[in-house]
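Colleague: I'm passing along protein-v2.csv; it holds CSV, C-alpha atoms.
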chain,number,residue,atom,x,y,z
A,26,MET,CA,15.1,6.8,-25.5
A,27,LYS,CA,18.3,5.5,-23.9
A,28,SER,CA,18.0,4.3,-20.3
A,29,ARG,CA,19.4,2.1,-17.7
A,30,ILE,CA,18.2,0.2,-14.5
A,31,GLU,CA,19.5,1.2,-11.1
A,32,SER,CA,18.9,-0.2,-7.7
A,33,ARG,CA,16.8,1.8,-5.3
A,34,ARG,CA,19.8,2.0,-3.0
A,35,ASP,CA,21.8,3.8,-5.7
A,36,ILE,CA,19.2,6.5,-5.9
A,37,ASP,CA,19.1,9.4,-3.4
A,38,VAL,CA,16.1,9.2,-1.1
A,39,ASP,CA,15.0,12.8,-1.8
A,40,ILE,CA,15.2,12.2,-5.6
A,41,TRP,CA,13.2,9.0,-5.3
A,42,ASN,CA,10.5,10.5,-3.1
A,43,SER,CA,10.3,13.7,-5.2
A,44,LEU,CA,9.1,11.7,-8.2
A,45,ILE,CA,6.4,10.0,-6.1
A,46,ASP,CA,5.2,13.4,-4.8
A,47,ARG,CA,4.9,14.7,-8.4
A,48,SER,CA,3.4,11.8,-10.2
A,49,ASP,CA,-0.3,10.9,-10.0
A,50,ASP,CA,0.9,7.2,-10.2
A,51,GLY,CA,2.6,7.6,-6.8
A,52,TRP,CA,1.3,7.0,-3.4
A,53,PHE,CA,2.6,6.2,0.1
A,54,PHE,CA,3.5,2.6,-0.6
A,55,HIS,CA,6.0,3.7,-3.3
A,56,ARG,CA,8.0,5.8,-0.9
A,57,TYR,CA,11.7,5.1,-0.3
A,58,GLU,CA,11.3,4.6,3.5
A,59,PHE,CA,8.4,2.2,3.0
A,60,GLN,CA,10.6,-0.2,1.1
A,61,GLU,CA,13.0,0.0,4.0
A,62,ALA,CA,10.2,-0.8,6.4
A,63,LEU,CA,9.1,-3.9,4.4
A,64,ALA,CA,12.6,-5.2,4.3
A,65,THR,CA,12.5,-5.6,8.1
A,66,TRP,CA,10.0,-8.5,7.6
A,67,PRO,CA,11.4,-12.0,7.8
A,68,ALA,CA,12.3,-13.5,4.4
A,69,TYR,CA,11.7,-10.2,2.5
A,70,GLU,CA,14.5,-8.9,0.2
A,71,ASP,CA,14.2,-5.5,-1.4
A,72,ARG,CA,14.7,-5.5,-5.2
A,73,SER,CA,13.2,-2.1,-6.0
A,74,PHE,CA,14.7,-0.3,-8.9
A,75,ALA,CA,14.6,2.9,-11.0
A,76,ILE,CA,14.7,3.4,-14.7
A,77,VAL,CA,17.1,6.3,-15.3
A,78,SER,CA,17.7,8.3,-18.5
A,79,ASP,CA,21.2,8.1,-20.0
A,80,GLN,CA,20.7,11.5,-21.5
A,81,VAL,CA,21.9,14.7,-19.9
A,82,PRO,CA,20.5,16.0,-17.7
A,83,TYR,CA,20.3,13.0,-15.5
A,84,ASP,CA,16.6,12.1,-14.8
A,85,ILE,CA,14.5,9.3,-13.4
A,86,LEU,CA,11.9,8.1,-15.8
A,87,ALA,CA,10.1,5.6,-13.5
A,88,LEU,CA,10.3,3.8,-10.2
A,89,GLN,CA,9.3,0.2,-9.5
A,90,PRO,CA,9.1,-1.0,-5.9
A,91,CYS,CA,9.4,-4.8,-5.6
A,92,HIS,CA,10.5,-7.4,-3.0
A,93,VAL,CA,11.2,-11.1,-3.1
A,94,ARG,CA,9.2,-12.9,-0.4
A,95,GLY,CA,10.3,-16.3,0.9
A,96,ASN,CA,12.5,-16.9,-2.1
A,97,GLU,CA,9.4,-17.8,-4.0
A,98,VAL,CA,7.4,-14.7,-4.9
A,99,LEU,CA,8.3,-11.4,-6.5
A,100,GLU,CA,5.8,-8.8,-5.4
A,101,SER,CA,5.3,-5.2,-6.1
A,102,TYR,CA,3.1,-3.3,-3.7
A,103,GLY,CA,2.0,-0.2,-5.6
A,104,GLY,CA,3.2,-0.9,-9.2
A,105,ILE,CA,5.2,1.4,-11.4
A,106,VAL,CA,5.4,5.2,-11.0
A,107,CYS,CA,6.2,7.1,-14.2
A,108,SER,CA,7.5,10.6,-14.4
A,109,PRO,CA,4.8,13.1,-15.3
A,110,VAL,CA,7.0,14.6,-18.0
A,111,LEU,CA,6.9,11.5,-20.2
A,112,GLY,CA,4.8,11.6,-23.4
A,113,PRO,CA,2.4,8.7,-24.2
A,114,ARG,CA,5.0,6.8,-26.3
A,115,GLN,CA,7.8,7.2,-23.8
A,116,ARG,CA,5.5,6.1,-21.0
A,117,ARG,CA,4.6,2.9,-22.9
A,118,GLU,CA,8.2,2.1,-23.5
A,119,VAL,CA,9.2,2.7,-19.8
A,120,ILE,CA,6.3,0.6,-18.5
A,121,LYS,CA,7.2,-2.2,-20.8
A,122,LEU,CA,10.8,-2.0,-19.7
A,123,ALA,CA,9.8,-2.2,-16.0
A,124,TYR,CA,7.4,-5.2,-16.4
A,125,ASP,CA,9.8,-7.1,-18.7
A,126,THR,CA,12.5,-6.6,-16.1
A,127,LEU,CA,10.2,-8.0,-13.4
A,128,PHE,CA,9.5,-11.1,-15.6
A,129,GLU,CA,13.2,-11.5,-16.4
A,130,PHE,CA,14.2,-11.4,-12.7
A,131,ALA,CA,11.5,-13.8,-11.6
A,132,ALA,CA,12.4,-16.3,-14.4
A,133,LYS,CA,16.1,-16.0,-13.8
A,134,TYR,CA,15.9,-16.9,-10.2
A,135,SER,CA,13.1,-19.6,-10.6
A,136,LEU,CA,10.6,-17.8,-8.6
A,137,ARG,CA,7.2,-19.3,-8.3
A,138,ARG,CA,5.0,-16.3,-8.9
A,139,LEU,CA,4.9,-12.6,-9.8
A,140,ASP,CA,2.3,-10.5,-7.9
A,141,VAL,CA,1.5,-6.8,-8.5
A,142,ARG,CA,-1.0,-4.7,-6.6
A,143,LEU,CA,-1.7,-1.1,-7.5
A,144,SER,CA,-2.5,1.4,-4.8
A,145,PRO,CA,-6.2,2.3,-4.9
A,146,MET,CA,-5.5,5.7,-3.3
A,147,ALA,CA,-3.1,6.9,-6.0
A,148,PRO,CA,-4.6,10.0,-7.7
A,149,SER,CA,-4.6,8.3,-11.1
A,150,LEU,CA,-6.9,5.6,-9.7
A,151,LEU,CA,-9.3,7.7,-7.7
A,152,GLY,CA,-12.6,9.3,-8.5
A,153,SER,CA,-13.5,9.9,-12.2
A,154,SER,CA,-9.9,8.9,-13.3
A,155,CYS,CA,-10.3,5.3,-12.1
A,156,PRO,CA,-9.7,3.0,-15.1
A,157,ARG,CA,-12.6,0.9,-16.3
A,158,ILE,CA,-10.5,-2.3,-16.6
A,159,ASN,CA,-7.4,-3.5,-14.7
A,160,PRO,CA,-4.4,-1.8,-16.3
A,161,LEU,CA,-2.2,-4.8,-15.3
A,162,VAL,CA,-3.8,-7.1,-18.0
A,163,HIS,CA,-2.0,-5.1,-20.6
A,164,HIS,CA,1.4,-6.2,-19.2
A,165,GLY,CA,1.1,-10.0,-19.3
A,166,LEU,CA,-0.5,-10.4,-15.9
A,167,ASP,CA,-3.6,-12.3,-15.0
A,168,ASN,CA,-6.6,-10.3,-13.7
A,169,ARG,CA,-6.8,-10.9,-9.9
A,170,PRO,CA,-8.8,-8.0,-8.6
A,171,SER,CA,-10.2,-7.2,-5.2
A,172,GLN,CA,-12.2,-4.2,-3.9
A,173,THR,CA,-12.2,-1.7,-1.1
A,174,TYR,CA,-14.5,0.8,0.6
A,175,ILE,CA,-13.6,4.4,-0.1
A,176,ILE,CA,-15.4,7.4,1.5
A,177,ASN,CA,-15.6,10.8,-0.2
A,178,LEU,CA,-14.7,13.4,2.4
A,179,GLN,CA,-15.6,16.4,0.3
A,180,CYS,CA,-18.7,17.2,2.4
A,181,SER,CA,-19.6,18.6,5.8
A,182,GLU,CA,-19.0,16.7,9.0
A,183,GLU,CA,-22.7,16.5,9.6
A,184,GLU,CA,-23.2,14.8,6.2
A,185,LEU,CA,-20.3,12.5,6.9
A,186,TRP,CA,-22.0,11.4,10.2
A,187,SER,CA,-25.3,10.9,8.5
A,188,ARG,CA,-23.7,8.5,6.0
A,189,LEU,CA,-22.6,6.1,8.8
A,190,HIS,CA,-24.8,3.1,9.2
A,191,GLN,CA,-27.1,3.2,12.2
A,192,ASN,CA,-25.3,0.3,14.0
A,193,CYS,CA,-21.9,2.2,13.5
A,194,ARG,CA,-23.3,5.3,15.1
A,195,THR,CA,-24.7,3.2,18.0
A,196,HIS,CA,-21.3,1.7,18.6
A,197,ILE,CA,-19.6,5.1,18.6
A,198,ARG,CA,-22.1,6.5,21.1
A,199,LYS,CA,-21.7,3.4,23.3
A,200,ALA,CA,-17.9,3.8,23.3
A,201,GLU,CA,-18.3,7.4,24.4
A,202,ARG,CA,-20.7,6.5,27.2
A,203,GLU,CA,-18.3,3.8,28.4
A,204,GLY,CA,-15.6,6.4,28.9
A,205,CYS,CA,-13.5,5.7,25.8
A,206,THR,CA,-11.4,8.6,24.6
A,207,VAL,CA,-9.1,9.0,21.6
A,208,ARG,CA,-5.8,10.7,21.4
A,209,LEU,CA,-3.0,11.0,18.8
A,210,ALA,CA,0.1,8.9,19.4
A,211,SER,CA,3.3,10.9,19.8
A,212,PRO,CA,6.6,10.1,18.1
A,213,THR,CA,8.0,9.1,21.5
A,214,LEU,CA,9.5,5.7,22.4
A,215,SER,CA,6.9,5.2,25.1
A,216,ASP,CA,4.0,5.4,22.6
A,217,LEU,CA,5.9,3.1,20.2
A,218,GLU,CA,6.2,0.5,23.1
A,219,ARG,CA,2.5,0.9,23.9
A,220,TYR,CA,1.6,0.2,20.2
A,221,TYR,CA,4.0,-2.8,19.9
A,222,GLU,CA,2.7,-4.4,23.0
A,223,LEU,CA,-0.8,-4.2,21.8
A,224,HIS,CA,0.2,-5.4,18.3
A,225,CYS,CA,1.8,-8.5,19.8
A,226,GLU,CA,-1.2,-9.2,22.0
A,227,THR,CA,-3.5,-8.9,19.0
A,228,TYR,CA,-1.5,-11.2,16.7
A,229,LEU,CA,-0.7,-13.8,19.3
A,230,ARG,CA,-4.4,-14.0,20.3
A,231,THR,CA,-5.3,-14.7,16.6
A,232,GLY,CA,-2.5,-17.2,16.2
A,233,VAL,CA,-0.4,-15.0,13.8
A,234,ARG,CA,3.3,-14.3,14.3
A,235,PRO,CA,3.8,-10.6,15.2
A,236,HIS,CA,5.8,-8.3,12.9
A,237,PRO,CA,9.3,-7.5,14.0
A,238,ARG,CA,9.7,-4.5,16.4
A,239,GLU,CA,12.0,-2.9,13.8
A,240,TYR,CA,9.1,-2.6,11.4
A,241,PHE,CA,7.2,-0.3,13.8
A,242,SER,CA,10.3,1.4,14.9
A,243,SER,CA,10.8,2.4,11.2
A,244,ILE,CA,7.1,3.6,11.1
A,245,TRP,CA,7.7,5.8,14.1
A,246,GLN,CA,11.0,7.1,12.9
A,247,HIS,CA,10.1,7.9,9.3
A,248,PHE,CA,6.4,8.4,9.2
A,249,VAL,CA,4.9,9.4,12.6
A,250,GLN,CA,7.5,12.1,12.9
A,251,SER,CA,6.8,13.4,9.4
A,252,GLY,CA,3.0,13.2,9.8
A,253,MET,CA,2.4,10.7,7.1
A,254,ALA,CA,1.4,8.1,9.7
A,255,VAL,CA,-1.3,9.3,12.1
A,256,ILE,CA,-1.8,6.9,14.9
A,257,PHE,CA,-5.0,7.1,17.0
A,258,PHE,CA,-5.0,5.5,20.5
A,259,ALA,CA,-8.4,4.6,22.2
A,260,GLU,CA,-8.0,4.8,25.9
A,261,ARG,CA,-10.2,3.9,28.9
A,262,ASP,CA,-9.2,4.8,32.4
A,263,GLY,CA,-5.8,5.9,31.1
A,264,VAL,CA,-5.1,2.5,29.5
A,265,VAL,CA,-4.6,2.1,25.7
A,266,ILE,CA,-7.1,-0.6,24.5
A,267,ALA,CA,-7.0,-0.1,20.8
A,268,ALA,CA,-4.9,1.6,18.1
A,269,ASP,CA,-5.4,2.6,14.5
A,270,ASN,CA,-2.5,3.5,12.3
A,271,GLU,CA,-3.6,5.6,9.3
A,272,ILE,CA,-1.6,6.8,6.3
A,273,PHE,CA,-2.2,10.5,5.4
A,274,TYR,CA,-0.7,11.5,2.0
A,275,LYS,CA,-1.8,13.4,-1.0
A,276,ARG,CA,-5.1,14.4,0.8
A,277,ALA,CA,-6.1,10.8,1.2
A,278,MET,CA,-6.2,8.7,4.4
A,279,SER,CA,-6.0,4.9,4.5
A,280,GLY,CA,-5.7,2.3,7.2
A,281,TRP,CA,-2.3,0.7,7.5
A,282,THR,CA,-2.0,-1.3,10.8
A,283,ALA,CA,-4.3,-1.7,13.7
A,284,ALA,CA,-4.4,-3.5,17.1
A,285,GLY,CA,-6.7,-3.9,20.0
A,286,ASN,CA,-7.6,-6.1,23.0
A,287,THR,CA,-10.8,-8.0,23.6
A,288,LEU,CA,-12.4,-5.2,25.6
A,289,ALA,CA,-12.1,-2.7,22.7
A,290,ALA,CA,-14.5,-4.5,20.4
A,291,SER,CA,-17.2,-5.0,23.1
A,292,LEU,CA,-17.1,-1.3,23.9
A,293,GLY,CA,-17.3,-0.1,20.3
A,294,ALA,CA,-13.8,1.5,20.6
A,295,ASN,CA,-12.8,0.4,17.1
A,296,ASN,CA,-15.8,2.3,15.6
A,297,LEU,CA,-14.9,5.3,17.6
A,298,LEU,CA,-11.3,5.2,16.4
A,299,HIS,CA,-12.2,5.1,12.7
A,300,TRP,CA,-14.7,7.9,13.2
A,301,ARG,CA,-12.1,10.1,14.8
A,302,ALA,CA,-9.7,9.3,12.0
A,303,MET,CA,-12.3,10.4,9.4
A,304,GLN,CA,-13.0,13.6,11.4
A,305,TRP,CA,-9.2,14.3,11.6
A,306,ALA,CA,-8.8,13.7,7.8
A,307,LEU,CA,-11.7,16.0,7.0
A,308,ARG,CA,-10.5,18.8,9.3
A,309,ASN,CA,-7.0,18.5,7.8
A,310,GLY,CA,-8.0,18.9,4.2
A,311,GLY,CA,-8.4,15.2,3.2
A,312,PHE,CA,-10.5,14.3,0.2
A,313,TRP,CA,-10.7,10.5,0.6
A,314,TYR,CA,-10.8,7.9,3.4
A,315,GLU,CA,-10.3,4.2,2.7
A,316,SER,CA,-11.9,2.0,5.3
A,317,GLY,CA,-10.3,-1.2,3.9
A,318,GLU,CA,-10.5,-4.2,1.6
A,319,ALA,CA,-14.0,-5.4,1.1
A,320,PHE,CA,-15.5,-8.9,1.0
A,321,PRO,CA,-19.1,-8.1,-0.3
A,322,GLY,CA,-19.8,-11.7,-1.3
A,323,ALA,CA,-19.0,-13.1,2.2
A,324,ARG,CA,-22.0,-14.7,3.8
A,325,GLN,CA,-20.5,-15.8,7.1
A,326,GLY,CA,-17.4,-16.0,9.2
A,327,LYS,CA,-14.5,-13.5,9.7
A,328,SER,CA,-14.7,-12.1,6.2
A,329,LYS,CA,-18.4,-11.1,6.6
A,330,GLY,CA,-17.6,-9.5,9.9
A,331,LEU,CA,-14.8,-7.5,8.5
A,332,ASN,CA,-16.9,-6.4,5.5
A,333,ASP,CA,-19.8,-5.4,7.6
A,334,PHE,CA,-17.6,-3.3,9.8
A,335,LYS,CA,-15.8,-1.5,6.9
A,336,ARG,CA,-19.0,-1.0,5.0
A,337,SER,CA,-20.7,0.6,8.0
A,338,PHE,CA,-18.7,3.8,7.6
A,339,GLY,CA,-20.6,4.7,4.4
A,340,GLY,CA,-18.1,4.1,1.7
A,341,GLU,CA,-18.5,3.0,-1.9
A,342,LEU,CA,-16.8,0.1,-3.5
A,343,TYR,CA,-13.7,0.9,-5.6
A,344,PRO,CA,-11.5,-1.7,-7.4
A,345,ILE,CA,-8.1,-2.9,-6.0
A,346,TYR,CA,-6.3,-3.7,-9.2
A,347,ARG,CA,-4.1,-6.8,-8.8
A,348,GLY,CA,-2.4,-9.0,-11.3
A,349,GLY,CA,-0.2,-12.1,-11.1
A,350,TYR,CA,1.7,-14.6,-13.2
A,351,ASP,CA,2.3,-18.2,-12.0
A,352,PHE,CA,5.5,-19.5,-13.5
A,353,PRO,CA,5.5,-23.1,-14.8
A,354,VAL,CA,7.2,-25.5,-12.4
A,355,LEU,CA,10.8,-26.1,-13.5
A,356,ALA,CA,10.3,-23.9,-16.5
A,357,LYS,CA,13.4,-23.4,-18.6
A,358,GLU,CA,12.2,-20.7,-20.8
A,359,LEU,CA,11.1,-17.1,-20.2
A,360,PRO,CA,7.3,-16.4,-19.8
A,361,VAL,CA,5.4,-15.5,-23.0
A,362,PRO,CA,5.3,-11.7,-22.4
A,363,VAL,CA,9.1,-11.7,-22.4
A,364,ALA,CA,9.9,-14.5,-24.8
A,365,ALA,CA,7.7,-12.8,-27.5
A,366,SER,CA,9.9,-9.8,-27.4
A,367,VAL,CA,13.5,-11.0,-26.8
A,368,THR,CA,14.5,-10.5,-30.4
A,369,SER,CA,13.4,-6.8,-30.4
A,370,ARG,CA,15.9,-4.1,-30.0
A,371,LEU,CA,14.2,-2.9,-26.9
A,372,SER,CA,14.4,-6.3,-25.2
A,373,LEU,CA,18.1,-6.6,-26.0
A,374,ARG,CA,18.5,-3.4,-24.1
A,375,ILE,CA,16.3,-4.7,-21.3
A,376,VAL,CA,18.5,-7.8,-21.0
A,377,LYS,CA,21.7,-5.7,-20.8
A,378,SER,CA,20.2,-3.4,-18.2
A,379,PHE,CA,18.9,-6.4,-16.3
A,380,LYS,CA,22.4,-8.0,-16.2
A,381,ARG,CA,24.0,-4.8,-14.9
A,382,TYR,CA,21.5,-4.5,-12.1
A,383,PHE,CA,20.6,-8.0,-11.0
A,384,LEU,CA,23.7,-10.1,-11.8
The structure given in the file should be rewritten as structure tokens.
Modeller:
Amino acid sequence: MKSRIESRRDIDVDIWNSLIDRSDDGWFFHRYEFQEALATWPAYEDRSFAIVSDQVPYDILALQPCHVRGNEVLESYGGIVCSPVLGPRQRREVIKLAYDTLFEFAAKYSLRRLDVRLSPMAPSLLGSSCPRINPLVHHGLDNRPSQTYIINLQCSEEELWSRLHQNCRTHIRKAEREGCTVRLASPTLSDLERYYELHCETYLRTGVRPHPREYFSSIWQHFVQSGMAVIFFAERDGVVIAADNEIFYKRAMSGWTAAGNTLAASLGANNLLHWRAMQWALRNGGFWYESGEAFPGARQGKSKGLNDFKRSFGGELYPIYRGGYDFPVLAKELPVPVAASVTSRLSLRIVKSFKRYFL
């Protein structure tokens, strides 16, 4: 199977996104515009690529989003997306080509680490199709998993409410008694400004540098207008006190970004926001809702608080498959997964494709 590697920027946006729409490997974080949004972060450099067939008709075999962060780490948020028309042998070849290319690039530019995180909301990783072991261990990556709470929305709203923990329902009722209401943000500039002001207030309060405004401008331009980002504002007396930015794609909803002032937590507004998001997803045909990364082993501190909050919405633990490879300091040779195959015919083709794309 003859193929070549092409930069994401050389692929038409509709062709890129079409494969993500069709493949069960694909989810929101693979989309073309999301790579553009990530590239607005300081010290992030987009290196996403496609594996393209050399045979007529022209066809994309797979997509691999990846970025260089801080000139030290090559990371892929979402992992590889393969074309659904590939047979088992072709799929294995394409996946090998993608991961070998990642290793080649990281080694070539003396990067410190390779990190890959699969999207737990991708259809191939949800429900009964969820793999029993981390798929990344087959590609030379160390097993570095995490976990998340996912809620099955294939039920009635009454049953969904009954699954909430008692303290969660109490906070929701309190927020309603205190006059909190929830509305959907519009794709207008004014709502973008409201969100960004709240984002900066939240991050500065916690001692973290806010994301650039361009990041949220990209979210509003590409995803709020298309309906893939559904942003809920909690208001009291006409003032926005908290916001919840949720992804809605392939009948699954997942938290993306959030912000809130100190008043919101004391009123229970954050619980109300997530409950309204769950209701919205259910009413709009959603099957799954992810309340967020879990820390079930935490016994105290911020991690325990976050875990208790996310668990209170009644979800079950699902794996977040992560893998990594730490490159030896001042290493002169390729990592073992690549070095073991450099003499093969496939790897010679990988090196040629790598040089055409990266060098």
Colleague: Tell me, in Å to one decimal, how far CA of Glu183 (chain A) is from CA of Gly339 (chain A).
Modeller: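 Between these atoms lies a distance of 13.1 Å.
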Colleague: Distance table requested - region 36-149 of chain A against region 227-242 of chain A, cut-off 8 Å, only C-alpha atoms: one row per qualifying residue with the closest atom pair and its distance in Å to one decimal, ordered by chain and rising residue number, as JSON lines.
Modeller:
{"residue": "A:Ala62", "atom": "CA", "partner": "A:Tyr240", "partner_atom": "CA", "distance": 5.4}
{"residue": "A:Leu63", "atom": "CA", "partner": "A:Tyr240", "partner_atom": "CA", "distance": 7.1}
{"residue": "A:Thr65", "atom": "CA", "partner": "A:Tyr240", "partner_atom": "CA", "distance": 5.6}
{"residue": "A:Trp66", "atom": "CA", "partner": "A:Pro237", "partner_atom": "CA", "distance": 6.5}
{"residue": "A:Pro67", "atom": "CA", "partner": "A:Pro237", "partner_atom": "CA", "distance": 7.9}
Colleague: My list of candidates is A:Phe54, A:Tyr343, A:Tyr102, A:Tyr69. Which is closest to Ser153 (chain A) when distances are computed with only C-alpha atoms?
Modeller: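 Checking each candidate against Ser153 (chain A), we get A:Tyr343 as the closest.
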Colleague: Check the smallest atom-to-atom distance from each of A:Ala268, A:Ala323, A:Tyr220, A:Leu178 to Arg308 (chain A) using all atoms listed in the file, then report the winner.
Modeller: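 Checking each candidate against Arg308 (chain A), we get A:Leu178 as the closest.
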Colleague: Residues near region 126-142 of chain A, anyone? I mean within 7 Å using all atoms listed in the file, not counting same-chain ones fewer than 3 positions away, as a PDB file with C-alpha atoms, in the coordinates of the input.
Modeller:
ATOM      1  CA  ASN A  96      12.500 -16.900  -2.100  1.00  0.00           C
ATOM      2  CA  GLU A  97       9.400 -17.800  -4.000  1.00  0.00           C
ATOM      3  CA  VAL A  98       7.400 -14.700  -4.900  1.00  0.00           C
ATOM      4  CA  LEU A  99       8.300 -11.400  -6.500  1.00  0.00           C
ATOM      5  CA  GLU A 100       5.800  -8.800  -5.400  1.00  0.00           C
ATOM      6  CA  SER A 101       5.300  -5.200  -6.100  1.00  0.00           C
ATOM      7  CA  TYR A 102       3.100  -3.300  -3.700  1.00  0.00           C
ATOM      8  CA  GLY A 103       2.000  -0.200  -5.600  1.00  0.00           C
ATOM      9  CA  GLY A 104       3.200  -0.900  -9.200  1.00  0.00           C
ATOM     10  CA  LEU A 122      10.800  -2.000 -19.700  1.00  0.00           C
ATOM     11  CA  ALA A 123       9.800  -2.200 -16.000  1.00  0.00           C
ATOM     12  CA  TYR A 346      -6.300  -3.700  -9.200  1.00  0.00           C
ATOM     13  CA  ARG A 347      -4.100  -6.800  -8.800  1.00  0.00           C
ATOM     14  CA  GLY A 348      -2.400  -9.000 -11.300  1.00  0.00           C
ATOM     15  CA  GLY A 349      -0.200 -12.100 -11.100  1.00  0.00           C
ATOM     16  CA  TYR A 350       1.700 -14.600 -13.200  1.00  0.00           C
ATOM     17  CA  ASP A 351       2.300 -18.200 -12.000  1.00  0.00           C
ATOM     18  CA  PHE A 352       5.500 -19.500 -13.500  1.00  0.00           C
ATOM     19  CA  LEU A 359      11.100 -17.100 -20.200  1.00  0.00           C
ATOM     20  CA  VAL A 363       9.100 -11.700 -22.400  1.00  0.00           C
ATOM     21  CA  ILE A 375      16.300  -4.700 -21.300  1.00  0.00           C
ATOM     22  CA  PHE A 379      18.900  -6.400 -16.300  1.00  0.00           C
TER      23      PHE A 379
END
Colleague: So what do you get for CA of Gly252 (chain A) versus CA of Pro148 (chain A), distance-wise?
Modeller: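 Computing it gives 19.3 Å between the two atoms.
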Colleague: If I take CA of Pro344 (chain A) and CA of Gln172 (chain A), how far is one from the other in Å, to one decimal?
Modeller: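 The value is 4.4 Å.
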Colleague: Which residues come within 10 Å of Glu58 (chain A), counting only C-alpha atoms, excluding same-chain residues fewer than 6 positions away, as an MDAnalysis selection string?
Modeller: chainID A and resid 38 42 64 243:244 246:248
Colleague: Taking 3 positions as the minimum chain separation for residues in the same chain, which residues sit within 10 Å of Arg336 (chain A) when counting all atoms listed in the file? Answer as JSON, numbers by chain.
Modeller: {"A": [173, 174, 175, 176, 189, 190, 193, 316, 317, 318, 319, 320, 321, 330, 331, 332, 333, 339, 340, 341, 342]}
Colleague: Ranking A:Gly280, A:Gly95, A:Pro353, A:Gly285 by minimum distance to Phe258 (chain A) and counting only C-alpha atoms, which one comes first?
Modeller: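 Checking each of A:Gly280, A:Gly95, A:Pro353, A:Gly285 against Phe258 (chain A), counting only C-alpha atoms, the winner is A:Gly285.
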Colleague: If you count all atoms listed in the file, which residues fall within 12 Å of Val106 (chain A), apart from same-chain ones fewer than 3 positions away, as a CSV table (one decimal) with C-alpha atoms, in the frame of the given file?
Modeller:
chain,number,residue,atom,x,y,z
A,41,TRP,CA,13.2,9.0,-5.3
A,42,ASN,CA,10.5,10.5,-3.1
A,43,SER,CA,10.3,13.7,-5.2
A,44,LEU,CA,9.1,11.7,-8.2
A,45,ILE,CA,6.4,10.0,-6.1
A,46,ASP,CA,5.2,13.4,-4.8
A,47,ARG,CA,4.9,14.7,-8.4
A,48,SER,CA,3.4,11.8,-10.2
A,49,ASP,CA,-0.3,10.9,-10.0
A,50,ASP,CA,0.9,7.2,-10.2
A,51,GLY,CA,2.6,7.6,-6.8
A,52,TRP,CA,1.3,7.0,-3.4
A,53,PHE,CA,2.6,6.2,0.1
A,54,PHE,CA,3.5,2.6,-0.6
A,55,HIS,CA,6.0,3.7,-3.3
A,56,ARG,CA,8.0,5.8,-0.9
A,73,SER,CA,13.2,-2.1,-6.0
A,74,PHE,CA,14.7,-0.3,-8.9
A,75,ALA,CA,14.6,2.9,-11.0
A,76,ILE,CA,14.7,3.4,-14.7
A,85,ILE,CA,14.5,9.3,-13.4
A,86,LEU,CA,11.9,8.1,-15.8
A,87,ALA,CA,10.1,5.6,-13.5
A,88,LEU,CA,10.3,3.8,-10.2
A,89,GLN,CA,9.3,0.2,-9.5
A,90,PRO,CA,9.1,-1.0,-5.9
A,101,SER,CA,5.3,-5.2,-6.1
A,102,TYR,CA,3.1,-3.3,-3.7
A,103,GLY,CA,2.0,-0.2,-5.6
A,109,PRO,CA,4.8,13.1,-15.3
A,110,VAL,CA,7.0,14.6,-18.0
A,111,LEU,CA,6.9,11.5,-20.2
A,116,ARG,CA,5.5,6.1,-21.0
A,119,VAL,CA,9.2,2.7,-19.8
A,120,ILE,CA,6.3,0.6,-18.5
A,123,ALA,CA,9.8,-2.2,-16.0
A,124,TYR,CA,7.4,-5.2,-16.4
A,143,LEU,CA,-1.7,-1.1,-7.5
A,144,SER,CA,-2.5,1.4,-4.8
A,147,ALA,CA,-3.1,6.9,-6.0
A,148,PRO,CA,-4.6,10.0,-7.7
A,149,SER,CA,-4.6,8.3,-11.1
Colleague: List every protein, DNA or RNA residue that has an atom no more than 12 Å from (-11.5, 13.8, 10.1) in the file's coordinate frame, counting only C-alpha atoms, and report them as a short mmCIF file (atom, residue, chain, number, x, y, z; two decimals) with C-alpha atoms, in the frame of the given file.
Modeller:
data_model
loop_
_atom_site.label_atom_id
_atom_site.label_comp_id
_atom_site.auth_asym_id
_atom_site.auth_seq_id
_atom_site.Cartn_x
_atom_site.Cartn_y
_atom_site.Cartn_z
CA ILE A 176 -15.40 7.40 1.50
CA ASN A 177 -15.60 10.80 -0.20
CA LEU A 178 -14.70 13.40 2.40
CA GLN A 179 -15.60 16.40 0.30
CA CYS A 180 -18.70 17.20 2.40
CA SER A 181 -19.60 18.60 5.80
CA GLU A 182 -19.00 16.70 9.00
CA GLU A 183 -22.70 16.50 9.60
CA LEU A 185 -20.30 12.50 6.90
CA TRP A 186 -22.00 11.40 10.20
CA VAL A 255 -1.30 9.30 12.10
CA PHE A 257 -5.00 7.10 17.00
CA GLU A 271 -3.60 5.60 9.30
CA PHE A 273 -2.20 10.50 5.40
CA ARG A 276 -5.10 14.40 0.80
CA ALA A 277 -6.10 10.80 1.20
CA MET A 278 -6.20 8.70 4.40
CA SER A 279 -6.00 4.90 4.50
CA LEU A 297 -14.90 5.30 17.60
CA LEU A 298 -11.30 5.20 16.40
CA HIS A 299 -12.20 5.10 12.70
CA TRP A 300 -14.70 7.90 13.20
CA ARG A 301 -12.10 10.10 14.80
CA ALA A 302 -9.70 9.30 12.00
CA MET A 303 -12.30 10.40 9.40
CA GLN A 304 -13.00 13.60 11.40
CA TRP A 305 -9.20 14.30 11.60
CA ALA A 306 -8.80 13.70 7.80
CA LEU A 307 -11.70 16.00 7.00
CA ARG A 308 -10.50 18.80 9.30
CA ASN A 309 -7.00 18.50 7.80
CA GLY A 310 -8.00 18.90 4.20
CA GLY A 311 -8.40 15.20 3.20
CA PHE A 312 -10.50 14.30 0.20
CA TRP A 313 -10.70 10.50 0.60
CA TYR A 314 -10.80 7.90 3.40
#
